[in-house]
Amino acid sequence: MNDPSNPIADALADPRPAPELAIAGDRAPELDRMDEYPEFPPACPIKVLGNAQDITGKQTIFYLNYNGQLVGLEAGNRHGKLGLAALFGPSIGWIEANYPKWSEPKKQYDPQAKKYVEIAPARIIGFDQAKAAEALVVEGTRRGIFDPAGRMRGRGAHRLNDGGLALHCGDAVLVSVHRADNSIKGWNWVDTGLHAGMVYPAAAGIPRPHLEAVDTKPAETLLRLLRSWQWKRPLLDARFALAFAAIAPLGGALAWRPNLWITGGKGTGKSTLNGLDGVYHRLYGEGLFRTGNASAAAIRQSLKNSTVPVIFDEIEAGEDNRQVNAVIELARVSSSGDAVHRGGQDHTAHEFTLRSAFMFSSISIPPLQPQDRSRLAILELGKLAKDGDKLDLDKWHLPKLGRQLSRRMIDQWHRLAATKAKFHDALQLAGHDARACDQFGILLAAADLALNDWDTVDGLPDDEEVALWAGHCRPDRMAEISEAVADEEACLNHMKTTLVQARGGDEREPLGQWIGQVVAGITHPLLENNDALGDKASKRLRALGLSIVTPTRKDSGAWGAVMYEDHALPAFLGVANNHQALSDLFGGTKWQGGVWRQSLARCDGSIDAQPIKFGRISVRAVLIPLHLVLDETELPAASQPGAVKDWRDGQEKGAGA
């Protein structure tokens, strides 16, 4: 019986199923509301790319604006009225058409009707900034995550994923069109913007390749002009100068970019060649980055994601070469191609693309590290004849020649890789290492593409042509190779040529002289008091963390050493791995802080030894064959290279037994 005074008891006495408020599979009302958000209007004059968010909560929407430039606007506070106006530019009417802001209708009181009547309808008076901003942010989120790092491609050449070529000329992009077998059948101009997942932002225009295909005549004309200079290697240097002009604009698409250094004194024509309004500047105008004095940071920030060639005029050696070295380091990184990242004031890492070919010129070449020298073709100029005719560059029509040469090279792009491979193999047979094969191989291949049309089955140069130019590039003929000093050799030279002083007031002597005195004291003890001089020199060396020793092989296979006392055994220079005197000797060099051990351990035939005596201390050391330190005429027979090798082989076999 129902008791109106006790509804709970009544409900318990007569329970009923609860009504179904939702059926399995039904969508929540809030999700339906999400689907109801209006679709983004079509024909938007800008491109919404996507969004990115960091852990601080900062959200950025990325766009290609009216001019085709990449713009990132923070979702929170950068979509204001003027921000949108800058984004859309003259096409801002699109926002007004899709997100209009209406005026209030004009009304007037009608006494007869006793109410307000509309005398003027509402009209569009601009755009609704809040609605437009919301729609753009929603669309950016809908497009997904967009990270510009690694996807930006500025002016210059870029390699496509299918092996083709894209040439970004600022206001348009020339892209290769491929057949089914992936060979190139032609070229198309496309607008800047998003292509195959990469962004080609619009920029100031640079010279475009010639409209029509060209033969070898433009390259032959340029080569004839370049031969006007007095090159040290007349045939090869002029050809390399032509090759750089031909291939540098395509540098961003290459696996290896060649770098040139032109050197020569006053009156050799360097400025006419690569200075302001010189040959290279006229060939490509704004299609290259040219400077006479810029820091590495300025070059990075100017290039950003561009791959145009870099010409650095008059980069001279000085007392402090740190700025010069930083620029050369850029060229080193750029030759093999990489991205460089630097932190910004906004606490965001900024990416810079380094895929440009570099050209330097100077009267004197500053000291170069081996890894930098091996990435250069060094072209040396002699003085021009005083009575020679002054070059009139106007008559050579270089801007047109540059466009024709660019067209020639893109049309020959399909055979570049195979041609370079053929020269690479020939250079390797001539004795070059892999890096030199890359450096000189790409220059020889570029010159071949520009100058030759081969009537061969594969369209490649014949073996005789390849052998001819590989012969011109033999290692003994190339100053870039023959004058290069390996890191370990440079470290050893620094050590043995350092001037040292035995006592205050004594004459400073090269450290190598003390090493020679120790050996002379063992090999010729009775000659000119060598025994006493050698003993003094030995004590001085040990105080510096150096010792003349003979290596000993232990039963465990490890190496030790004893003092060098028997000239019938080989002599080695022991260098302590860790020693304060050596820290002072190498201070201020790249070998400081114990790095000398890493470099010296690369010396041919060096030995990593367990602790040996240096005065009263024992320290692990690297042992260097003495024939790498002293002239062979100063060494006994047992310390000559062949004898040391035979002795070392015997020691290794004995340990194995």
# chains A, B, ... in the order shown; residues from 1 in each chain; ligands from 1

$ residues_around --residues "Ser306 in chain A" --least-positions-apart "6" --cutoff "10 Å" --atoms "only C-alpha atoms" --output "PDB file with N, CA and C atoms, in the first residue's frame"
ATOM      1  N   MET A 152      61.993  22.873 -45.128  1.00  0.00           N
ATOM      2  CA  MET A 152      62.114  24.155 -45.811  1.00  0.00           C
ATOM      3  C   MET A 152      63.157  24.061 -46.920  1.00  0.00           C
ATOM      4  N   ARG A 153      62.804  24.537 -48.088  1.00  0.00           N
ATOM      5  CA  ARG A 153      63.731  24.537 -49.219  1.00  0.00           C
ATOM      6  C   ARG A 153      63.748  25.926 -49.836  1.00  0.00           C
ATOM      7  N   GLY A 154      64.826  26.626 -49.567  1.00  0.00           N
ATOM      8  CA  GLY A 154      64.956  27.984 -50.060  1.00  0.00           C
ATOM      9  C   GLY A 154      65.466  28.030 -51.488  1.00  0.00           C
ATOM     10  N   ARG A 155      65.893  29.209 -51.915  1.00  0.00           N
ATOM     11  CA  ARG A 155      66.357  29.391 -53.292  1.00  0.00           C
ATOM     12  C   ARG A 155      67.584  28.528 -53.561  1.00  0.00           C
ATOM     13  N   GLY A 156      67.641  28.010 -54.766  1.00  0.00           N
ATOM     14  CA  GLY A 156      68.739  27.136 -55.150  1.00  0.00           C
ATOM     15  C   GLY A 156      68.220  25.768 -55.539  1.00  0.00           C
ATOM     16  N   ALA A 157      69.138  24.828 -55.715  1.00  0.00           N
ATOM     17  CA  ALA A 157      68.786  23.493 -56.198  1.00  0.00           C
ATOM     18  C   ALA A 157      68.534  22.546 -55.036  1.00  0.00           C
ATOM     19  N   HIS A 158      67.627  21.605 -55.254  1.00  0.00           N
ATOM     20  CA  HIS A 158      67.300  20.596 -54.252  1.00  0.00           C
ATOM     21  C   HIS A 158      67.039  19.268 -54.964  1.00  0.00           C
ATOM     22  N   HIS A 168      64.754  26.095 -57.271  1.00  0.00           N
ATOM     23  CA  HIS A 168      63.918  27.147 -56.698  1.00  0.00           C
ATOM     24  C   HIS A 168      64.505  28.502 -57.110  1.00  0.00           C
ATOM     25  N   GLY A 170      63.044  31.451 -56.568  1.00  0.00           N
ATOM     26  CA  GLY A 170      62.472  32.524 -55.771  1.00  0.00           C
ATOM     27  C   GLY A 170      60.994  32.706 -55.999  1.00  0.00           C
ATOM     28  N   GLY A 252      73.028  22.366 -54.162  1.00  0.00           N
ATOM     29  CA  GLY A 252      72.134  21.840 -53.146  1.00  0.00           C
ATOM     30  C   GLY A 252      71.607  20.461 -53.453  1.00  0.00           C
ATOM     31  N   LEU A 288      73.662  34.047 -56.385  1.00  0.00           N
ATOM     32  CA  LEU A 288      74.718  33.614 -55.491  1.00  0.00           C
ATOM     33  C   LEU A 288      74.801  34.577 -54.320  1.00  0.00           C
ATOM     34  N   PHE A 289      75.410  34.112 -53.234  1.00  0.00           N
ATOM     35  CA  PHE A 289      75.644  34.964 -52.071  1.00  0.00           C
ATOM     36  C   PHE A 289      77.109  35.359 -52.091  1.00  0.00           C
ATOM     37  N   ARG A 300      75.309  31.995 -42.279  1.00  0.00           N
ATOM     38  CA  ARG A 300      74.232  31.051 -41.967  1.00  0.00           C
ATOM     39  C   ARG A 300      72.878  31.746 -42.001  1.00  0.00           C
ATOM     40  N   PHE A 352      69.523  25.695 -40.023  1.00  0.00           N
ATOM     41  CA  PHE A 352      70.088  26.306 -41.214  1.00  0.00           C
ATOM     42  C   PHE A 352      70.573  25.188 -42.135  1.00  0.00           C
ATOM     43  N   THR A 353      70.184  25.277 -43.395  1.00  0.00           N
ATOM     44  CA  THR A 353      70.625  24.290 -44.376  1.00  0.00           C
ATOM     45  C   THR A 353      71.992  24.689 -44.908  1.00  0.00           C
ATOM     46  N   LEU A 354      72.930  23.763 -44.897  1.00  0.00           N
ATOM     47  CA  LEU A 354      74.258  24.024 -45.452  1.00  0.00           C
ATOM     48  C   LEU A 354      74.497  23.054 -46.601  1.00  0.00           C
ATOM     49  N   ARG A 355      74.123  23.479 -47.796  1.00  0.00           N
ATOM     50  CA  ARG A 355      74.361  22.683 -49.002  1.00  0.00           C
ATOM     51  C   ARG A 355      74.749  23.611 -50.142  1.00  0.00           C
ATOM     52  N   SER A 356      75.662  24.525 -49.859  1.00  0.00           N
ATOM     53  CA  SER A 356      76.137  25.468 -50.866  1.00  0.00           C
ATOM     54  C   SER A 356      77.580  25.157 -51.218  1.00  0.00           C
TER      55      SER A 356
END

$ residues_around --residues "range 473-479 of chain A" --least-positions-apart "2" --cutoff "10 Å" --atoms "only C-alpha atoms" --output "ChimeraX atom specification"
/A:233,236,373,377-380,426-433,436-437,440-441,444,467-471,481-484

$ select_by_dssp --residues "range 559-597 of chain A" --states "alpha helix (DSSP H)" --output "PDB file with N, CA, C and O atoms, in the first residue's frame"
ATOM      1  N   GLN A 580     101.967  17.254 -17.035  1.00  0.00           N
ATOM      2  CA  GLN A 580     101.782  18.700 -16.943  1.00  0.00           C
ATOM      3  C   GLN A 580     102.677  19.452 -17.922  1.00  0.00           C
ATOM      4  O   GLN A 580     102.255  20.432 -18.546  1.00  0.00           O
ATOM      5  N   ALA A 581     103.925  18.995 -18.086  1.00  0.00           N
ATOM      6  CA  ALA A 581     104.836  19.694 -18.999  1.00  0.00           C
ATOM      7  C   ALA A 581     104.324  19.617 -20.439  1.00  0.00           C
ATOM      8  O   ALA A 581     104.415  20.593 -21.195  1.00  0.00           O
ATOM      9  N   LEU A 582     103.784  18.449 -20.808  1.00  0.00           N
ATOM     10  CA  LEU A 582     103.223  18.335 -22.157  1.00  0.00           C
ATOM     11  C   LEU A 582     101.956  19.169 -22.292  1.00  0.00           C
ATOM     12  O   LEU A 582     101.663  19.701 -23.374  1.00  0.00           O
ATOM     13  N   SER A 583     101.193  19.302 -21.216  1.00  0.00           N
ATOM     14  CA  SER A 583     100.014  20.170 -21.247  1.00  0.00           C
ATOM     15  C   SER A 583     100.417  21.597 -21.548  1.00  0.00           C
ATOM     16  O   SER A 583      99.731  22.307 -22.297  1.00  0.00           O
ATOM     17  N   ASP A 584     101.530  22.041 -20.976  1.00  0.00           N
ATOM     18  CA  ASP A 584     102.032  23.391 -21.272  1.00  0.00           C
ATOM     19  C   ASP A 584     102.530  23.482 -22.710  1.00  0.00           C
ATOM     20  O   ASP A 584     102.295  24.478 -23.402  1.00  0.00           O
ATOM     21  N   LEU A 585     103.225  22.412 -23.169  1.00  0.00           N
ATOM     22  CA  LEU A 585     103.789  22.428 -24.519  1.00  0.00           C
ATOM     23  C   LEU A 585     102.692  22.500 -25.581  1.00  0.00           C
ATOM     24  O   LEU A 585     102.847  23.185 -26.600  1.00  0.00           O
ATOM     25  N   VAL A 595      94.730  15.647 -25.820  1.00  0.00           N
ATOM     26  CA  VAL A 595      94.327  15.231 -27.166  1.00  0.00           C
ATOM     27  C   VAL A 595      95.541  14.799 -27.982  1.00  0.00           C
ATOM     28  O   VAL A 595      95.409  14.045 -28.947  1.00  0.00           O
ATOM     29  N   TRP A 596      96.756  15.248 -27.559  1.00  0.00           N
ATOM     30  CA  TRP A 596      97.955  14.851 -28.297  1.00  0.00           C
ATOM     31  C   TRP A 596      98.076  13.326 -28.374  1.00  0.00           C
ATOM     32  O   TRP A 596      98.571  12.796 -29.357  1.00  0.00           O
ATOM     33  N   ARG A 597      97.615  12.622 -27.343  1.00  0.00           N
ATOM     34  CA  ARG A 597      97.724  11.166 -27.367  1.00  0.00           C
ATOM     35  C   ARG A 597      96.900  10.568 -28.500  1.00  0.00           C
ATOM     36  O   ARG A 597      97.349   9.655 -29.203  1.00  0.00           O
TER      37      ARG A 597
END

$ residues_around --residues "Ile607 in chain A" --least-positions-apart "3" --cutoff "10 Å" --atoms "only C-alpha atoms" --output "PyMOL selection string"
chain A and resi 551+558-560+572+574+600-604+610+621-625

$ write_last_selection --atoms "N, CA, C and O atoms" --output "compact mmCIF listing (two decimals), in the first residue's frame"
# COMPACT_ATOMS: atom_id res chain seq x y z
N PRO A 551 110.66 -0.66 -27.13
CA PRO A 551 109.47 -1.38 -26.67
C PRO A 551 109.80 -2.81 -26.27
O PRO A 551 110.71 -3.43 -26.81
N ALA A 558 100.73 -7.46 -23.95
CA ALA A 558 100.77 -6.01 -23.75
C ALA A 558 102.20 -5.52 -23.99
O ALA A 558 103.17 -6.28 -23.93
N TRP A 559 102.29 -4.19 -24.25
CA TRP A 559 103.59 -3.59 -24.52
C TRP A 559 104.05 -2.76 -23.32
O TRP A 559 103.26 -2.05 -22.70
N GLY A 560 105.34 -2.87 -23.04
CA GLY A 560 106.00 -1.99 -22.09
C GLY A 560 107.17 -1.33 -22.79
O GLY A 560 107.22 -1.30 -24.03
N PHE A 572 112.29 4.14 -30.11
CA PHE A 572 110.98 4.77 -30.20
C PHE A 572 110.96 6.00 -29.28
O PHE A 572 111.71 6.06 -28.30
N GLY A 574 108.83 7.75 -26.58
CA GLY A 574 107.69 7.58 -25.69
C GLY A 574 107.13 8.93 -25.29
O GLY A 574 107.87 9.81 -24.84
N LEU A 600 98.80 11.37 -31.87
CA LEU A 600 100.06 10.66 -32.04
C LEU A 600 99.84 9.15 -32.16
O LEU A 600 100.65 8.44 -32.79
N ALA A 601 98.76 8.64 -31.59
CA ALA A 601 98.47 7.22 -31.69
C ALA A 601 98.14 6.80 -33.12
O ALA A 601 98.15 5.62 -33.44
N ARG A 602 97.85 7.79 -33.99
CA ARG A 602 97.57 7.49 -35.40
C ARG A 602 98.84 7.39 -36.23
O ARG A 602 98.78 7.05 -37.41
N CYS A 603 99.98 7.73 -35.66
CA CYS A 603 101.25 7.62 -36.40
C CYS A 603 101.46 6.17 -36.81
O CYS A 603 101.19 5.22 -36.04
N ASP A 604 101.97 5.98 -38.00
CA ASP A 604 102.17 4.64 -38.54
C ASP A 604 103.15 3.87 -37.67
O ASP A 604 104.29 4.31 -37.46
N GLN A 610 101.84 0.23 -21.74
CA GLN A 610 101.51 0.33 -20.33
C GLN A 610 102.45 1.32 -19.65
O GLN A 610 103.41 1.78 -20.27
N ALA A 621 101.78 5.50 -22.04
CA ALA A 621 102.39 6.33 -23.08
C ALA A 621 102.10 5.75 -24.45
O ALA A 621 101.73 4.57 -24.60
N VAL A 622 102.26 6.60 -25.46
CA VAL A 622 102.22 6.15 -26.85
C VAL A 622 103.67 6.17 -27.34
O VAL A 622 104.41 7.13 -27.11
N LEU A 623 104.08 5.09 -28.00
CA LEU A 623 105.45 4.94 -28.49
C LEU A 623 105.46 5.14 -29.99
O LEU A 623 104.72 4.46 -30.72
N ILE A 624 106.29 6.05 -30.47
CA ILE A 624 106.32 6.43 -31.89
C ILE A 624 107.67 6.02 -32.48
O ILE A 624 108.72 6.36 -31.93
N PRO A 625 107.68 5.27 -33.58
CA PRO A 625 108.96 4.91 -34.21
C PRO A 625 109.81 6.16 -34.45
O PRO A 625 109.33 7.16 -34.98

$ atom_distance --atom1 "CA of Pro309 in chain A" --atom2 "CA of Asn274 in chain A"
12.1 Å

$ closest_residue --among "A:Ile124, A:Ala417, A:Ala133, A:Met359" --to "Gly76 in chain A" --atoms "only C-alpha atoms"
A:Ala133

$ atom_distance --atom1 "CA of Ala357 in chain A" --atom2 "CA of Ser334 in chain A"
7.2 Å

$ closest_residue --among "A:Ile311, A:Ala543, A:Ala219, A:Ile184" --to "Arg616 in chain A" --atoms "only C-alpha atoms"
A:Ala543

$ residues_around --residues "Phe127 in chain A" --least-positions-apart "6" --cutoff "8 Å" --atoms "only C-alpha atoms" --output "PyMOL selection string"
chain A and resi 95-97+99-101

$ residues_around --residues "Thr497 in chain A" --least-positions-apart "3" --cutoff "6 Å" --atoms "only C-alpha atoms" --output "short mmCIF file (atom, residue, chain, number, x, y, z; two decimals) with all heavy atoms, in the first residue's frame"
data_model
loop_
_atom_site.label_atom_id
_atom_site.label_comp_id
_atom_site.auth_asym_id
_atom_site.auth_seq_id
_atom_site.Cartn_x
_atom_site.Cartn_y
_atom_site.Cartn_z
N ASN A 493 105.18 17.44 -35.56
CA ASN A 493 106.02 18.58 -35.95
C ASN A 493 105.96 19.69 -34.92
O ASN A 493 106.98 20.33 -34.62
CB ASN A 493 105.58 19.11 -37.31
CG ASN A 493 105.98 18.21 -38.45
OD1 ASN A 493 106.89 17.40 -38.31
ND2 ASN A 493 105.29 18.32 -39.58
N HIS A 494 104.77 19.94 -34.38
CA HIS A 494 104.64 20.98 -33.34
C HIS A 494 105.51 20.63 -32.15
O HIS A 494 106.21 21.50 -31.60
CB HIS A 494 103.18 21.10 -32.90
CG HIS A 494 102.98 22.01 -31.72
ND1 HIS A 494 102.87 23.38 -31.85
CD2 HIS A 494 102.90 21.74 -30.38
CE1 HIS A 494 102.72 23.92 -30.65
NE2 HIS A 494 102.73 22.94 -29.74
N PRO A 510 115.33 23.68 -30.35
CA PRO A 510 114.18 22.83 -30.72
C PRO A 510 114.22 21.53 -29.95
O PRO A 510 115.28 20.92 -29.76
CB PRO A 510 114.38 22.60 -32.22
CG PRO A 510 115.34 23.65 -32.66
CD PRO A 510 116.21 23.95 -31.49
N LEU A 511 113.07 21.07 -29.53
CA LEU A 511 113.00 19.84 -28.77
C LEU A 511 113.54 18.66 -29.57
O LEU A 511 114.13 17.73 -29.03
CB LEU A 511 111.55 19.60 -28.35
CG LEU A 511 111.26 18.61 -27.23
CD1 LEU A 511 110.02 19.03 -26.46
CD2 LEU A 511 111.09 17.21 -27.75
#

$ residues_around --residues "Arg208 in chain A" --least-positions-apart "2" --cutoff "9 Å" --atoms "only C-alpha atoms" --output "PyMOL selection string"
chain A and resi 167+169+174+205-206+210-211+287+403+406-407

$ write_last_selection --atoms "C-alpha atoms" --output "PDB file, in the first residue's frame"
ATOM      1  CA  LEU A 167      65.476  24.482 -58.921  1.00  0.00           C
ATOM      2  CA  CYS A 169      64.253  30.498 -58.456  1.00  0.00           C
ATOM      3  CA  LEU A 174      61.492  24.301 -61.927  1.00  0.00           C
ATOM      4  CA  GLY A 205      63.606  36.113 -57.842  1.00  0.00           C
ATOM      5  CA  ILE A 206      67.000  34.945 -59.095  1.00  0.00           C
ATOM      6  CA  HIS A 210      67.595  29.772 -70.445  1.00  0.00           C
ATOM      7  CA  LEU A 211      64.204  29.037 -71.977  1.00  0.00           C
ATOM      8  CA  GLY A 287      71.691  33.748 -57.778  1.00  0.00           C
ATOM      9  CA  ARG A 403      71.449  31.309 -67.925  1.00  0.00           C
ATOM     10  CA  SER A 406      72.362  26.612 -66.156  1.00  0.00           C
ATOM     11  CA  ARG A 407      70.026  25.238 -68.811  1.00  0.00           C
TER      12      ARG A 407
END

$ select_by_dssp --residues "range 401-631 of chain A" --states "strand (DSSP E)" --output "PyMOL selection string"
chain A and resi 499-500+509-510+546-553+559-563+572-576+607-614+617-625

$ residues_around --residues "Gly72 in chain A" --least-positions-apart "4" --cutoff "6 Å" --atoms "only C-alpha atoms" --output "PyMOL selection string"
chain A and resi 60-62

$ closest_residue --among "A:Lys115, A:Lys217, A:Lys107, A:Arg435" --to "Leu401 in chain A" --atoms "only C-alpha atoms"
A:Lys217

$ closest_residue --among "A:Ile548, A:Val190, A:Leu573, A:Ala537" --to "Ser176 in chain A" --atoms "only C-alpha atoms"
A:Val190

$ atom_distance --atom1 "CA of Trp189 in chain A" --atom2 "CA of Asp448 in chain A"
26.8 Å
